[in-house]
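*Asks:* Below is the structure I would like to discuss, written out as structure tokens.
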Amino acid sequence: MEKISKALSDVNRLKILQYMQKNQGKVECTKACNLLDLSQPSISHHIKRLVEAELINQHKIGRNYHYSLNHEVWDNYMLRLKQL
């Protein structure tokens, strides 16, 4: 719970998740860079935090990384919040 809450505490990470939600739960790293007015290393940092919190899954396809929402972790997190 704590790791997920910390990951969600940054507005840029929320923007990445919102974009993914609108885009069938997926995003490519290059698309994330275009989404936010941040450098590629900053985007990588934010995505790394979301991966560490298990909110998104990372898939390497060729030389590029693709990310998808981890619906199971998200649903469990929301359920736990409701139980508070």
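Going through the structure tokens in order, the chains are called A, B, and so on, while each chain numbers its residues from 1 and the ligands are numbered from 1 in the order shown.
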Counting only C-alpha atoms, what is within 12 Å of Val11 in chain A, bar same-chain residues fewer than 5 positions away, as a list of chain:residue names?
*Replies:*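 So the residues in contact are A:Lys6, A:Ile16, A:Leu17, A:Gln18, A:Leu36, A:His46.
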*Asks:* Save out the residues we just selected, C-alpha atoms, as a short mmCIF file (atom, residue, chain, number, x, y, z; two decimals), in the first residue's frame.
*Replies:*
```
data_model
loop_
_atom_site.label_atom_id
_atom_site.label_comp_id
_atom_site.auth_asym_id
_atom_site.auth_seq_id
_atom_site.Cartn_x
_atom_site.Cartn_y
_atom_site.Cartn_z
CA LYS A 6 4.14 7.01 -2.81
CA ILE A 16 1.25 8.80 -17.26
CA LEU A 17 -1.39 6.56 -15.68
CA GLN A 18 -4.22 8.74 -16.99
CA LEU A 36 4.98 15.27 -20.61
CA HIS A 46 8.80 8.15 -13.15
#
```
*Asks:* Skipping near chain neighbours, those fewer than 5 positions away, what residues fall within 7 Å of range 64-78 of chain A using only C-alpha atoms, listed as a PyMOL selection string?
*Replies:* chain A and resi 1+25-29+54-59
*Asks:* Check the smallest atom-to-atom distance from each of A:Leu35, A:Ile61, A:Ala53, A:Arg80 to Met20 in chain A using only C-alpha atoms, then report the winner.
*Replies:*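 Closest to Met20 in chain A, using only C-alpha atoms: A:Leu35.
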*Asks:* Give the helix (DSSP H, G or I) residues of range 3-40 of chain A, as DSSP finds them on the backbone, and put them as a PDB file with C-alpha atoms, in the first residue's frame.
*Replies:*
```pdb
ATOM      1  CA  LYS A   3       4.819   1.896  -2.135  1.00  0.00           C
ATOM      2  CA  ILE A   4       1.808   2.397  -4.376  1.00  0.00           C
ATOM      3  CA  SER A   5       0.675   5.484  -2.490  1.00  0.00           C
ATOM      4  CA  LYS A   6       4.135   7.008  -2.811  1.00  0.00           C
ATOM      5  CA  ALA A   7       4.208   6.225  -6.518  1.00  0.00           C
ATOM      6  CA  VAL A  11       1.495  14.535 -10.667  1.00  0.00           C
ATOM      7  CA  ASN A  12       3.662  13.360 -13.578  1.00  0.00           C
ATOM      8  CA  ARG A  13       3.115   9.723 -12.659  1.00  0.00           C
ATOM      9  CA  LEU A  14      -0.600  10.367 -12.440  1.00  0.00           C
ATOM     10  CA  LYS A  15      -0.507  11.889 -15.923  1.00  0.00           C
ATOM     11  CA  ILE A  16       1.251   8.802 -17.256  1.00  0.00           C
ATOM     12  CA  LEU A  17      -1.387   6.555 -15.675  1.00  0.00           C
ATOM     13  CA  GLN A  18      -4.224   8.744 -16.988  1.00  0.00           C
ATOM     14  CA  TYR A  19      -2.780   8.562 -20.489  1.00  0.00           C
ATOM     15  CA  MET A  20      -2.465   4.801 -20.213  1.00  0.00           C
ATOM     16  CA  GLN A  21      -6.059   4.508 -19.037  1.00  0.00           C
ATOM     17  CA  LYS A  22      -7.238   6.429 -22.119  1.00  0.00           C
ATOM     18  CA  CYS A  29       8.315   4.962 -23.738  1.00  0.00           C
ATOM     19  CA  THR A  30       8.595   7.377 -26.669  1.00  0.00           C
ATOM     20  CA  LYS A  31       4.901   8.284 -26.302  1.00  0.00           C
ATOM     21  CA  ALA A  32       5.413   9.014 -22.612  1.00  0.00           C
ATOM     22  CA  CYS A  33       8.223  11.409 -23.506  1.00  0.00           C
ATOM     23  CA  ASN A  34       5.884  13.271 -25.863  1.00  0.00           C
ATOM     24  CA  LEU A  35       3.112  13.285 -23.256  1.00  0.00           C
ATOM     25  CA  GLN A  40      13.790  11.272 -21.196  1.00  0.00           C
TER      26      GLN A  40
END
```
*Asks:* Apply DSSP to the structure's backbone, then extract all residues of chain A labelled strand (DSSP E) and return them as a count of residues only.
*Replies:* 15
*Asks:* In Å, rounded to a single decimal, give me how far CA of Gly62 in chain A is from CA of Arg49 in chain A.
*Replies:*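 Separating CA of Arg49 in chain A from CA of Gly62 in chain A is a distance of 22.5 Å.
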